[in-house]
$ cat data_32.txt   # compact mmCIF, C-alpha atoms
# COMPACT_ATOMS: atom_id res chain seq x y z
CA MET A 7 0.00 0.00 0.00
CA LYS A 8 1.45 3.28 -1.15
CA MET A 9 1.09 5.99 1.46
CA ASN A 10 1.60 9.62 0.57
CA LYS A 11 0.89 11.06 4.02
CA ARG A 12 0.55 14.27 2.11
CA ILE A 13 -1.76 16.97 3.38
CA LYS A 14 -3.61 18.44 0.41
CA ILE A 15 -4.45 22.14 0.26
CA ASN A 16 -5.56 22.33 -3.39
CA PRO A 17 -8.68 20.79 -4.98
CA PHE A 18 -8.41 17.06 -5.58
CA ALA A 19 -10.49 14.16 -6.86
CA TYR A 20 -10.33 10.43 -6.20
CA LYS A 21 -12.15 7.28 -7.13
CA VAL A 22 -14.25 5.21 -4.79
CA ASP A 23 -14.01 1.50 -5.62
CA PRO A 24 -17.03 -0.33 -4.14
CA ILE A 25 -15.86 -3.70 -5.50
CA ASN A 26 -12.36 -3.70 -4.03
CA GLU A 27 -13.48 -1.48 -1.14
CA THR A 28 -10.82 1.16 -1.39
CA ILE A 29 -10.22 4.72 -2.57
CA SER A 30 -7.48 5.77 -4.99
CA ASN A 31 -4.24 6.97 -3.35
CA PRO A 32 -5.38 6.99 0.27
CA ASP A 33 -3.19 9.02 2.65
CA THR A 34 -3.76 6.67 5.58
CA HIS A 35 -5.02 3.13 6.12
CA ILE A 36 -6.13 2.47 9.69
CA ILE A 37 -6.70 -1.13 10.80
CA ARG A 38 -8.62 -1.87 14.02
CA LYS A 39 -8.29 -5.34 15.49
CA LEU A 40 -10.24 -7.19 18.16
CA SER A 41 -7.54 -6.45 20.74
CA SER A 42 -8.23 -2.71 20.47
CA MET A 43 -11.87 -3.20 21.56
CA LYS A 44 -11.27 -4.56 25.06
CA GLY A 45 -14.30 -3.97 27.31
CA GLN A 46 -16.52 -2.80 24.44
CA TYR A 47 -18.41 -6.04 23.80
CA ALA A 48 -21.04 -7.20 26.30
CA ASP A 49 -19.97 -10.87 26.26
CA THR A 50 -16.51 -10.69 27.83
CA LYS A 51 -16.04 -14.47 27.84
CA SER A 52 -16.65 -14.78 24.09
CA TYR A 53 -14.36 -11.79 23.51
CA GLU A 54 -11.47 -13.38 25.43
CA GLU A 55 -11.98 -16.75 23.71
CA MET A 56 -11.97 -15.15 20.25
CA LEU A 57 -8.88 -13.12 21.03
CA LEU A 58 -6.97 -16.25 22.13
CA LYS A 59 -7.64 -17.80 18.71
CA GLU A 60 -6.92 -14.80 16.51
CA ASP A 61 -6.66 -11.01 16.73
CA ARG A 62 -9.10 -10.46 13.89
CA ILE A 63 -9.47 -7.26 11.90
CA LEU A 64 -12.86 -5.75 12.78
CA TYR A 65 -12.78 -2.63 10.64
CA GLU A 66 -10.60 -0.47 8.41
CA VAL A 67 -10.53 3.19 7.46
CA TYR A 68 -8.93 4.92 4.47
CA GLU A 69 -8.49 8.67 4.78
CA LYS A 70 -7.65 11.67 2.64
CA LEU A 71 -5.73 14.22 4.67
CA VAL A 72 -6.43 17.93 4.58
CA PRO A 73 -5.36 20.62 7.07
CA GLU A 74 -7.28 20.14 10.33
CA ILE A 75 -8.69 23.65 10.34
CA GLU A 76 -12.18 25.07 10.71
CA GLY A 77 -14.05 25.10 7.39
CA GLY A 78 -12.23 22.07 5.94
CA LEU A 79 -13.66 18.55 5.64
CA LEU A 80 -11.84 15.32 6.46
CA GLN A 81 -13.04 12.36 4.45
CA GLY A 82 -12.53 8.75 3.56
CA MET A 83 -13.97 5.25 3.50
CA SER A 84 -14.95 3.04 6.45
CA ILE A 85 -15.18 -0.76 6.12
CA VAL A 86 -16.71 -2.84 8.94
CA HIS A 87 -16.18 -6.57 8.40
CA PRO A 88 -18.90 -9.13 9.15
CA GLY A 89 -18.79 -11.17 12.34
CA LYS A 90 -19.99 -11.33 15.93
CA VAL A 91 -18.50 -11.40 19.42
CA GLY A 92 -20.96 -13.74 21.09
CA ARG A 93 -24.27 -12.49 19.72
CA GLU A 94 -23.07 -8.88 19.26
CA TYR A 95 -22.20 -7.71 15.75
CA PHE A 96 -18.80 -6.37 14.74
CA MET A 97 -18.76 -2.59 15.11
CA THR A 98 -16.47 0.42 15.23
CA LYS A 99 -15.21 1.86 18.53
CA GLY A 100 -17.50 4.83 18.16
CA HIS A 101 -16.68 8.30 19.38
CA PHE A 102 -17.80 11.81 20.12
CA HIS A 103 -16.01 14.61 18.33
CA LEU A 104 -13.65 16.60 20.57
CA ILE A 105 -15.37 19.73 19.31
CA LEU A 106 -18.72 18.30 20.34
CA ASP A 107 -20.87 20.46 18.08
CA THR A 108 -19.46 19.07 14.82
CA ALA A 109 -21.54 16.84 12.56
CA GLU A 110 -20.67 13.95 10.22
CA PHE A 111 -22.01 12.92 6.83
CA TYR A 112 -22.09 9.25 5.79
CA TYR A 113 -22.94 7.73 2.44
CA CYS A 114 -23.40 3.95 2.48
CA ILE A 115 -22.23 2.23 -0.70
CA LYS A 116 -22.31 -1.45 0.33
CA GLY A 117 -23.75 -3.79 2.94
CA ASN A 118 -26.30 -3.44 5.71
CA GLY A 119 -26.05 -2.21 9.25
CA TYR A 120 -26.86 0.46 11.77
CA MET A 121 -25.42 3.73 12.89
CA MET A 122 -25.86 3.78 16.66
CA MET A 123 -25.88 7.27 18.11
CA GLU A 124 -26.31 8.99 21.45
CA ASN A 125 -25.89 12.47 22.88
CA PRO A 126 -24.93 13.81 26.33
CA GLU A 127 -28.52 14.97 26.87
CA GLY A 128 -29.73 11.35 27.14
CA GLY A 129 -31.00 10.87 23.59
CA TRP A 130 -30.19 7.85 21.46
CA ALA A 131 -30.97 6.90 17.86
CA ALA A 132 -30.24 3.99 15.54
CA GLU A 133 -30.57 4.47 11.80
CA GLU A 134 -30.38 1.68 9.24
CA LEU A 135 -27.62 1.76 6.64
CA SER A 136 -27.97 0.18 3.21
CA PRO A 137 -26.60 1.09 -0.23
CA ASP A 138 -27.50 4.65 -1.27
CA THR A 139 -28.48 5.70 2.24
CA VAL A 140 -27.16 9.03 3.48
CA LEU A 141 -26.92 9.26 7.25
CA TYR A 142 -26.51 12.58 9.03
CA VAL A 143 -24.97 12.65 12.49
CA PRO A 144 -25.59 16.12 13.93
CA GLY A 145 -23.17 17.78 16.32
CA ARG A 146 -23.24 16.38 19.91
CA TRP A 147 -24.04 12.81 18.78
CA ALA A 148 -21.53 9.98 19.37
CA HIS A 149 -21.68 7.48 16.52
CA ARG A 150 -20.73 3.86 15.86
CA SER A 151 -21.18 1.75 12.69
CA ILE A 152 -22.46 -1.83 13.14
CA ASN A 153 -22.42 -4.52 10.43
CA ILE A 154 -25.47 -6.83 10.63
CA LYS A 155 -24.68 -8.96 7.57
CA ALA A 156 -23.11 -12.41 8.04
CA ASP A 157 -21.09 -12.41 4.84
CA GLU A 158 -20.62 -8.87 3.52
CA ASP A 159 -18.67 -5.78 4.56
CA LEU A 160 -20.46 -2.57 5.51
CA VAL A 161 -18.84 0.21 3.47
CA THR A 162 -19.48 3.93 3.94
CA ILE A 163 -17.94 7.16 2.67
CA PHE A 164 -17.70 9.88 5.31
CA ALA A 165 -16.97 13.60 5.60
CA TYR A 166 -16.78 15.74 8.74
CA PRO A 167 -15.36 19.11 9.84
CA ALA A 168 -11.56 18.90 9.67
CA ASN A 169 -11.13 20.50 13.10
CA ALA A 170 -13.56 18.10 14.86
CA GLY A 171 -11.03 15.80 16.55
CA HIS A 172 -11.97 12.50 18.23
CA ASP A 173 -13.00 11.71 21.78
CA TYR A 174 -12.78 7.90 22.05
CA ALA A 175 -12.24 7.89 25.83
CA THR A 176 -15.84 8.67 26.84
CA ILE A 177 -17.19 5.67 24.94
CA GLU A 178 -14.29 3.41 26.01
CA THR A 179 -15.10 4.26 29.64
CA ARG A 180 -18.86 3.99 29.69
CA GLY A 181 -19.90 2.41 26.37
CA PHE A 182 -23.03 3.18 24.37
CA ARG A 183 -26.48 3.07 26.00
CA LYS A 184 -27.71 0.63 23.38
CA LEU A 185 -26.09 -2.37 21.68
CA VAL A 186 -27.17 -4.46 18.71
CA PHE A 187 -27.37 -8.25 19.11
CA GLU A 188 -28.51 -11.05 16.86
CA GLU A 189 -31.73 -12.49 18.30
CA ASN A 190 -33.40 -15.38 16.43
CA GLY A 191 -31.40 -14.53 13.32
CA LYS A 192 -32.39 -10.84 13.36
CA PRO A 193 -30.77 -7.70 14.76
CA GLU A 194 -32.27 -6.38 17.98
CA ILE A 195 -31.43 -3.18 19.82
CA MET A 196 -30.99 -3.79 23.53
CA ASP A 197 -29.86 -1.94 26.64
CA ASN A 198 -26.15 -2.13 27.37
CA PRO A 199 -25.90 -3.97 30.69
CA LYS A 200 -22.50 -2.33 31.38
CA TRP A 201 -23.51 1.22 30.53
CA ILE A 202 -22.35 3.81 33.09
CA GLU A 203 -24.50 6.96 33.48
CA MET B 11 -43.55 17.38 -4.57
CA LYS B 12 -44.05 17.26 -0.83
CA MET B 13 -42.00 19.91 0.97
CA ASN B 14 -41.44 19.72 4.68
CA LYS B 15 -39.30 22.84 5.00
CA ARG B 16 -38.41 21.37 8.35
CA ILE B 17 -35.03 22.06 9.87
CA LYS B 18 -33.74 18.83 11.38
CA ILE B 19 -31.75 18.85 14.61
CA ASN B 20 -31.74 15.10 15.32
CA PRO B 21 -29.98 12.34 13.38
CA PHE B 22 -31.70 11.41 10.12
CA ALA B 23 -31.23 9.14 7.14
CA TYR B 24 -32.50 9.33 3.58
CA LYS B 25 -32.27 7.43 0.35
CA VAL B 26 -30.43 8.59 -2.73
CA ASP B 27 -32.20 7.44 -5.90
CA PRO B 28 -29.73 7.52 -8.82
CA ILE B 29 -32.36 6.24 -11.30
CA ASN B 30 -35.06 8.85 -10.62
CA GLU B 31 -32.43 11.40 -9.57
CA THR B 32 -33.94 12.44 -6.29
CA ILE B 33 -33.57 12.00 -2.53
CA SER B 34 -36.32 10.86 -0.19
CA ASN B 35 -38.32 13.68 1.47
CA PRO B 36 -36.24 16.64 0.31
CA ASP B 37 -36.79 19.87 2.26
CA THR B 38 -36.27 22.09 -0.78
CA HIS B 39 -36.25 21.70 -4.56
CA ILE B 40 -34.45 24.53 -6.32
CA ILE B 41 -34.88 24.92 -10.10
CA ARG B 42 -32.51 27.12 -12.09
CA LYS B 43 -33.60 28.16 -15.56
CA LEU B 44 -31.75 29.71 -18.47
CA SER B 45 -33.17 33.16 -17.62
CA SER B 46 -31.30 33.15 -14.29
CA MET B 47 -27.92 32.82 -16.05
CA LYS B 48 -27.91 36.11 -17.97
CA GLY B 49 -24.37 37.19 -18.85
CA GLN B 50 -22.80 33.90 -17.73
CA TYR B 51 -22.44 32.22 -21.13
CA ALA B 52 -19.80 33.47 -23.55
CA ASP B 53 -22.05 33.35 -26.63
CA THR B 54 -24.62 36.07 -25.82
CA LYS B 55 -26.36 35.75 -29.20
CA SER B 56 -27.02 32.02 -28.77
CA TYR B 57 -28.17 32.66 -25.20
CA GLU B 58 -30.75 35.25 -26.28
CA GLU B 59 -31.98 33.06 -29.15
CA MET B 60 -32.42 30.05 -26.86
CA LEU B 61 -34.25 32.13 -24.27
CA LEU B 62 -36.73 33.42 -26.86
CA LYS B 63 -37.64 29.82 -27.70
CA GLU B 64 -37.87 28.40 -24.17
CA ASP B 65 -36.69 29.19 -20.65
CA ARG B 66 -35.15 25.75 -20.19
CA ILE B 67 -34.28 24.18 -16.84
CA LEU B 68 -30.47 24.00 -16.63
CA TYR B 69 -30.07 22.43 -13.22
CA GLU B 70 -31.87 21.40 -10.04
CA VAL B 71 -30.92 21.01 -6.41
CA TYR B 72 -32.60 19.02 -3.63
CA GLU B 73 -31.56 19.93 -0.10
CA LYS B 74 -31.89 18.63 3.42
CA LEU B 75 -32.11 21.51 5.86
CA VAL B 76 -30.20 21.64 9.14
CA PRO B 77 -29.50 24.67 11.35
CA GLU B 78 -27.00 26.96 9.57
CA ILE B 79 -24.51 26.90 12.41
CA GLU B 80 -20.79 26.19 12.63
CA GLY B 81 -20.10 22.47 12.90
CA GLY B 82 -23.19 21.38 10.95
CA LEU B 83 -23.25 20.16 7.35
CA LEU B 84 -25.77 21.15 4.69
CA GLN B 85 -26.34 18.50 2.07
CA GLY B 86 -28.31 17.39 -0.91
CA MET B 87 -28.29 16.39 -4.57
CA SER B 88 -27.35 18.49 -7.60
CA ILE B 89 -28.57 17.63 -11.11
CA VAL B 90 -27.13 19.44 -14.14
CA HIS B 91 -29.07 18.67 -17.32
CA PRO B 92 -27.34 18.09 -20.67
CA GLY B 93 -27.24 20.82 -23.29
CA LYS B 94 -25.20 23.71 -24.63
CA VAL B 95 -25.53 27.46 -25.08
CA GLY B 96 -23.71 27.86 -28.37
CA ARG B 97 -20.71 25.56 -27.81
CA GLU B 98 -20.61 26.03 -24.03
CA TYR B 99 -21.99 23.22 -21.87
CA PHE B 100 -24.84 23.65 -19.39
CA MET B 101 -23.44 24.47 -15.97
CA THR B 102 -24.37 25.77 -12.53
CA LYS B 103 -24.04 29.46 -11.61
CA GLY B 104 -21.05 28.69 -9.46
CA HIS B 105 -20.20 30.55 -6.29
CA PHE B 106 -17.75 31.28 -3.53
CA HIS B 107 -18.87 30.59 0.01
CA LEU B 108 -19.61 33.74 2.02
CA ILE B 109 -17.34 32.37 4.72
CA LEU B 110 -14.58 31.98 2.17
CA ASP B 111 -12.56 29.38 4.09
CA THR B 112 -15.24 26.68 3.97
CA ALA B 113 -14.84 23.57 1.85
CA GLU B 114 -17.28 21.35 -0.04
CA PHE B 115 -17.46 17.59 -0.57
CA TYR B 116 -18.99 16.14 -3.76
CA TYR B 117 -19.73 12.54 -4.62
CA CYS B 118 -20.65 11.95 -8.27
CA ILE B 119 -23.23 9.19 -8.77
CA LYS B 120 -24.14 9.66 -12.46
CA GLY B 121 -22.92 11.28 -15.66
CA ASN B 122 -19.73 13.00 -16.72
CA GLY B 123 -18.49 16.51 -16.35
CA TYR B 124 -16.11 18.93 -14.72
CA MET B 125 -15.92 20.87 -11.52
CA MET B 126 -14.42 24.22 -12.50
CA MET B 127 -12.74 26.00 -9.60
CA GLU B 128 -10.78 29.17 -8.94
CA ASN B 129 -9.53 31.08 -5.92
CA PRO B 130 -8.92 34.78 -5.22
CA GLU B 131 -5.16 34.16 -5.32
CA GLY B 132 -5.29 33.54 -9.08
CA GLY B 133 -5.34 29.73 -9.04
CA TRP B 134 -7.73 27.66 -11.11
CA ALA B 135 -8.43 23.94 -11.37
CA ALA B 136 -10.76 21.67 -13.32
CA GLU B 137 -11.39 18.14 -12.07
CA GLU B 138 -13.28 15.49 -14.00
CA LEU B 139 -16.46 14.05 -12.52
CA SER B 140 -17.71 10.54 -13.27
CA PRO B 141 -19.61 7.95 -11.22
CA ASP B 142 -17.84 7.11 -7.92
CA THR B 143 -15.58 10.15 -8.06
CA VAL B 144 -15.22 12.19 -4.88
CA LEU B 145 -14.26 15.80 -5.50
CA TYR B 146 -12.93 18.01 -2.73
CA VAL B 147 -13.28 21.77 -3.03
CA PRO B 148 -11.08 23.33 -0.33
CA GLY B 149 -11.96 26.60 1.35
CA ARG B 150 -11.35 29.72 -0.81
CA TRP B 151 -12.23 27.95 -4.10
CA ALA B 152 -15.29 29.03 -6.11
CA HIS B 153 -16.87 26.03 -7.84
CA ARG B 154 -19.20 25.30 -10.75
CA SER B 155 -20.44 21.93 -12.08
CA ILE B 156 -20.45 21.44 -15.86
CA ASN B 157 -22.22 18.61 -17.71
CA ILE B 158 -20.26 17.44 -20.78
CA LYS B 159 -22.59 14.61 -21.84
CA ALA B 160 -25.06 15.16 -24.68
CA ASP B 161 -27.79 12.90 -23.34
CA GLU B 162 -27.33 12.29 -19.60
CA ASP B 163 -27.70 14.32 -16.42
CA LEU B 164 -24.69 15.00 -14.17
CA VAL B 165 -25.73 14.01 -10.65
CA THR B 166 -23.72 14.68 -7.49
CA ILE B 167 -24.32 14.45 -3.75
CA PHE B 168 -22.82 17.33 -1.78
CA ALA B 169 -22.06 18.32 1.81
CA TYR B 170 -20.56 21.57 3.11
CA PRO B 171 -20.33 23.52 6.36
CA ALA B 172 -23.83 24.68 7.34
CA ASN B 173 -22.66 28.21 8.13
CA ALA B 174 -20.83 28.67 4.78
CA GLY B 175 -23.39 30.85 2.98
CA HIS B 176 -23.23 31.67 -0.74
CA ASP B 177 -21.56 34.49 -2.62
CA TYR B 178 -23.03 34.35 -6.16
CA ALA B 179 -22.42 38.03 -6.88
CA THR B 180 -18.66 37.80 -7.45
CA ILE B 181 -19.07 35.19 -10.20
CA GLU B 182 -22.14 36.92 -11.69
CA THR B 183 -20.07 40.09 -12.01
CA ARG B 184 -16.79 38.80 -13.34
CA GLY B 185 -17.40 35.15 -14.33
CA PHE B 186 -14.91 32.30 -14.06
CA ARG B 187 -11.42 32.58 -15.55
CA LYS B 188 -11.96 29.42 -17.56
CA LEU B 189 -14.93 28.03 -19.45
CA VAL B 190 -15.58 24.63 -21.00
CA PHE B 191 -16.62 24.47 -24.66
CA GLU B 192 -17.25 21.63 -27.07
CA GLU B 193 -14.47 21.66 -29.67
CA ASN B 194 -14.54 18.98 -32.40
CA GLY B 195 -16.91 16.89 -30.30
CA LYS B 196 -14.73 17.04 -27.18
CA PRO B 197 -14.65 19.29 -24.11
CA GLU B 198 -11.92 21.92 -24.09
CA ILE B 199 -11.01 24.31 -21.32
CA MET B 200 -10.54 27.84 -22.62
CA ASP B 201 -9.98 31.35 -21.32
CA ASN B 202 -13.15 33.30 -20.58
CA PRO B 203 -13.06 36.25 -23.01
CA LYS B 204 -15.31 38.30 -20.68
CA TRP B 205 -13.40 37.60 -17.47
CA ILE B 206 -12.78 40.69 -15.34
CA GLU B 207 -9.65 40.70 -13.14

$ encode --input "data_32.txt" --output "C-alpha cells"
Amino acid sequence: MKMNKRIKINPFAYKVDPINETISNPDTHIIRKLSSMKGQYADTKSYEEMLLKEDRILYEVYEKLVPEIEGGLLQGMSIVHPGKVGREYFMTKGHFHLILDTAEFYYCIKGNGYMMMENPEGGWAAEELSPDTVLYVPGRWAHRSINIKADEDLVTIFAYPANAGHDYATIETRGFRKLVFEENGKPEIMDNPKWIE
Amino acid sequence: MKMNKRIKINPFAYKVDPINETISNPDTHIIRKLSSMKGQYADTKSYEEMLLKEDRILYEVYEKLVPEIEGGLLQGMSIVHPGKVGREYFMTKGHFHLILDTAEFYYCIKGNGYMMMENPEGGWAAEELSPDTVLYVPGRWAHRSINIKADEDLVTIFAYPANAGHDYATIETRGFRKLVFEENGKPEIMDNPKWIE
C-alpha cells in the first residue's frame, strides 16, 4: 500500500471503488483489530476466547488528509467486516467529536447495518444503513457503525469538519447506551448492561 | 412534490435514488432556468436566441435543511441537465462561500463533467467528474459543475459547512477565468473572453 501522508491544500479528486473497497491513493489506512476493543463487547467471555484464537481485523478506514482547520472537511472510507462477538455484531469503537458540536455525513455504498448514536442529553438513535443511504450525524451525537450482515462488509464514505477531533475515551469508559445483538437470526437493539451513566 | 421545510436537529437518514435522480423527502427543490444565467455564457447571441424559444431548466438542487450553524453540514443532490448554449456546456451558476474558508465535498453518482474551480489568489483547477468520483473543493475555491454529456444528467451528492453561505455576486459580475466548450466533439477548457480581473 502506497502511502503519501501528504496533506492536500488544493482541490483534488479520487475514485471510490465499491468492489475492491478502497479509494485511490489513500493518505492513511487504519486497521482496528479485536484487541483494540477490550471492554466494548457485552460478552466478555466470548471476547477473550476469540482473542486467544486470533486477533481479527474488525474494521478499516482509508483517509484523505487535509489541514485540520475550521471550514475544511476530512473524508474517507470506512469498512466494517462481518462477524460477531458472542451475539453482538462487529462494530467500530465509536466516538464523540472533541469539538462536540461538529456533525458527520455518511454515504453507504455497500452492505447493511446500523449507525448507533447517542448524545450527552440522554437521547439515542439507531438508523439503518444500506446502499444509497445518506446518514446525518448532527453535532453532539456519538456514533458507531455496526455490520449486521453475516457475509458482507459494511462500506461507507464519510466527511466531517476537519477540526472536529476525536474523543474515544468517553465511549471506552462507559460504552453506548444501546447495543445491537442477533436475536433469532435478526438484529435487535438492547440496553447495554454495562452502561455507566 | 411534498416539501417539509423542516429544519432537522436530530440524526436522520435518507435514500439517494440515482435512477429517478432524487432523494427521499427533500426539504427544498431549487430549479434554475436559463433566464437566471444572464451574462454567464460566452455566446450572448445564442443565449438570447435560446431564451426566446424556451426558458429551459439547466439544473436542479434538492436539499436537506439543518441549522445553519458552525459544525453542521448542509447536504443534498445536484442535477445538471445536458445541453449547450452555443458551444458552451450547461453548468451551474457557481459561487464562492460567504465564509470563504469553507470547503465542499462532492460525490458523483451519475454522468460526466467537470468541476471548474478558482480562488482569489489567481489559481484555477478543473477536475473530471464521473460515477464514484469524490471531489474536494477546499476553502477559498469558487466552484461550478459542468455537464459534458449530450444525453445524460450529471448528478452529485454534496455536503458543506452549514454556516458557509453563498456568494453568487462575485461570479455573476466577473465570471470564471476558464470556461468549458465543445471543440470537435470534445470538451476543451478555454480562457473566458469576458473575465474581469

$ residues_around --input "data_32.txt" --residues "stretch 139-148 of chain A" --least-positions-apart "2" --cutoff "9 Å" --atoms "all atoms listed in the file" --output "JSON, numbers by chain"
{"A": [100, 101, 102, 103, 105, 106, 107, 108, 109, 110, 111, 112, 113, 114, 115, 121, 122, 123, 124, 125, 126, 127, 129, 130, 133, 134, 135, 136, 137, 150, 177, 182], "B": [18, 19, 20, 21, 22, 23, 24, 25, 26, 76, 81, 82, 83]}

$ residues_around --input "data_32.txt" --residues "B:Tyr69" --least-positions-apart "5" --cutoff "7 Å" --atoms "all atoms listed in the file" --output "PDB file with C-alpha atoms, keeping the file's coordinate frame"
ATOM      1  CA  ILE B  41     -34.880  24.920 -10.100  1.00  0.00           C
ATOM      2  CA  ARG B  42     -32.510  27.120 -12.090  1.00  0.00           C
ATOM      3  CA  ILE B  89     -28.570  17.630 -11.110  1.00  0.00           C
ATOM      4  CA  VAL B  90     -27.130  19.440 -14.140  1.00  0.00           C
ATOM      5  CA  HIS B  91     -29.070  18.670 -17.320  1.00  0.00           C
ATOM      6  CA  THR B 102     -24.370  25.770 -12.530  1.00  0.00           C
TER       7      THR B 102
END

$ atom_distance --input "data_32.txt" --atom1 "atom CA of A:Gly181" --atom2 "atom CA of A:Gln46"
6.5 Å

$ closest_residue --input "data_32.txt" --among "B:Leu189, B:Tyr51, B:Asp142, B:Gly132" --to "A:Thr28" --atoms "only C-alpha atoms"
B:Asp142

$ closest_residue --input "data_32.txt" --among "A:Met83, A:Ala48, A:Leu160, A:Val91" --to "chain B" --atoms "only C-alpha atoms"
A:Met83

$ atom_distance --input "data_32.txt" --atom1 "atom CA of A:Leu104" --atom2 "atom CA of A:Leu40"
24.2 Å

$ residues_around --input "data_32.txt" --residues "B:Tyr57" --least-positions-apart "2" --cutoff "12 Å" --atoms "all atoms listed in the file" --output "short mmCIF file (atom, residue, chain, number, x, y, z; two decimals) with C-alpha atoms, in the coordinates of the input"
data_model
loop_
_atom_site.label_atom_id
_atom_site.label_comp_id
_atom_site.auth_asym_id
_atom_site.auth_seq_id
_atom_site.Cartn_x
_atom_site.Cartn_y
_atom_site.Cartn_z
CA LYS B 43 -33.60 28.16 -15.56
CA LEU B 44 -31.75 29.71 -18.47
CA SER B 45 -33.17 33.16 -17.62
CA SER B 46 -31.30 33.15 -14.29
CA MET B 47 -27.92 32.82 -16.05
CA LYS B 48 -27.91 36.11 -17.97
CA GLY B 49 -24.37 37.19 -18.85
CA GLN B 50 -22.80 33.90 -17.73
CA TYR B 51 -22.44 32.22 -21.13
CA ALA B 52 -19.80 33.47 -23.55
CA ASP B 53 -22.05 33.35 -26.63
CA THR B 54 -24.62 36.07 -25.82
CA LYS B 55 -26.36 35.75 -29.20
CA GLU B 59 -31.98 33.06 -29.15
CA MET B 60 -32.42 30.05 -26.86
CA LEU B 61 -34.25 32.13 -24.27
CA LEU B 62 -36.73 33.42 -26.86
CA LYS B 63 -37.64 29.82 -27.70
CA GLU B 64 -37.87 28.40 -24.17
CA ASP B 65 -36.69 29.19 -20.65
CA ARG B 66 -35.15 25.75 -20.19
CA LYS B 94 -25.20 23.71 -24.63
CA VAL B 95 -25.53 27.46 -25.08
CA GLY B 96 -23.71 27.86 -28.37
CA ARG B 97 -20.71 25.56 -27.81
CA GLU B 98 -20.61 26.03 -24.03
CA TYR B 99 -21.99 23.22 -21.87
CA PHE B 100 -24.84 23.65 -19.39
#

$ closest_residue --input "data_32.txt" --among "A:Ile163, A:Val67, A:Val186, A:Met196" --to "chain B" --atoms "only C-alpha atoms"
A:Ile163

$ atom_distance --input "data_32.txt" --atom1 "atom CA of A:Asn153" --atom2 "atom CA of A:Leu64"
9.9 Å

$ residues_around --input "data_32.txt" --residues "A:Glu76" --least-positions-apart "2" --cutoff "7 Å" --atoms "only C-alpha atoms" --output "short mmCIF file (atom, residue, chain, number, x, y, z; two decimals) with C-alpha atoms, keeping the file's coordinate frame"
data_model
loop_
_atom_site.label_atom_id
_atom_site.label_comp_id
_atom_site.auth_asym_id
_atom_site.auth_seq_id
_atom_site.Cartn_x
_atom_site.Cartn_y
_atom_site.Cartn_z
CA GLU A 74 -7.28 20.14 10.33
CA GLY A 78 -12.23 22.07 5.94
CA PRO A 167 -15.36 19.11 9.84
CA ALA A 168 -11.56 18.90 9.67
CA ASN A 169 -11.13 20.50 13.10
#

$ axis_aligned_box --input "data_32.txt" --around "stretch 99-116 of chain B" --padding-each-side "5 Å" --output "JSON"
{"center_x": -18.7, "center_y": 24.9, "center_z": -8.6, "size_x": 22.3, "size_y": 27.6, "size_z": 36.6}

$ decode --input "data_32.txt" --residues "stretch 180-184 of chain B" --atoms "all heavy atoms" --output "mmCIF file, in the first residue's frame"
data_model
loop_
_atom_site.group_PDB
_atom_site.id
_atom_site.type_symbol
_atom_site.label_atom_id
_atom_site.label_comp_id
_atom_site.auth_asym_id
_atom_site.auth_seq_id
_atom_site.Cartn_x
_atom_site.Cartn_y
_atom_site.Cartn_z
ATOM 1 N N THR B 180 -20.015 37.660 -6.888
ATOM 2 C CA THR B 180 -18.663 37.802 -7.450
ATOM 3 C C THR B 180 -18.579 37.126 -8.816
ATOM 4 O O THR B 180 -18.061 37.702 -9.780
ATOM 5 C CB THR B 180 -17.617 37.203 -6.489
ATOM 6 O OG1 THR B 180 -17.759 37.839 -5.217
ATOM 7 C CG2 THR B 180 -16.200 37.415 -7.009
ATOM 8 N N ILE B 181 -19.108 35.922 -8.919
ATOM 9 C CA ILE B 181 -19.069 35.191 -10.198
ATOM 10 C C ILE B 181 -20.014 35.837 -11.220
ATOM 11 O O ILE B 181 -19.668 35.976 -12.400
ATOM 12 C CB ILE B 181 -19.436 33.701 -9.975
ATOM 13 C CG1 ILE B 181 -18.371 33.006 -9.096
ATOM 14 C CG2 ILE B 181 -19.600 32.973 -11.311
ATOM 15 C CD1 ILE B 181 -16.967 32.979 -9.657
ATOM 16 N N GLU B 182 -21.204 36.267 -10.755
ATOM 17 C CA GLU B 182 -22.143 36.921 -11.688
ATOM 18 C C GLU B 182 -21.517 38.170 -12.301
ATOM 19 O O GLU B 182 -21.772 38.498 -13.451
ATOM 20 C CB GLU B 182 -23.448 37.282 -10.956
ATOM 21 C CG GLU B 182 -24.397 36.097 -10.838
ATOM 22 C CD GLU B 182 -25.613 36.378 -9.963
ATOM 23 O OE1 GLU B 182 -25.653 37.426 -9.284
ATOM 24 O OE2 GLU B 182 -26.518 35.524 -9.959
ATOM 25 N N THR B 183 -20.675 38.849 -11.537
ATOM 26 C CA THR B 183 -20.072 40.093 -12.009
ATOM 27 C C THR B 183 -18.898 39.843 -12.950
ATOM 28 O O THR B 183 -18.809 40.437 -14.017
ATOM 29 C CB THR B 183 -19.570 40.924 -10.799
ATOM 30 O OG1 THR B 183 -20.661 41.099 -9.906
ATOM 31 C CG2 THR B 183 -19.022 42.268 -11.236
ATOM 32 N N ARG B 184 -18.014 38.925 -12.545
ATOM 33 C CA ARG B 184 -16.794 38.799 -13.344
ATOM 34 C C ARG B 184 -16.632 37.445 -14.034
ATOM 35 O O ARG B 184 -15.738 37.278 -14.851
ATOM 36 C CB ARG B 184 -15.565 39.091 -12.489
ATOM 37 C CG ARG B 184 -15.241 37.986 -11.512
ATOM 38 C CD ARG B 184 -13.953 38.292 -10.779
ATOM 39 N NE ARG B 184 -13.450 37.080 -10.160
ATOM 40 C CZ ARG B 184 -12.495 37.062 -9.240
ATOM 41 N NH1 ARG B 184 -11.948 38.173 -8.842
ATOM 42 N NH2 ARG B 184 -12.085 35.923 -8.734
#
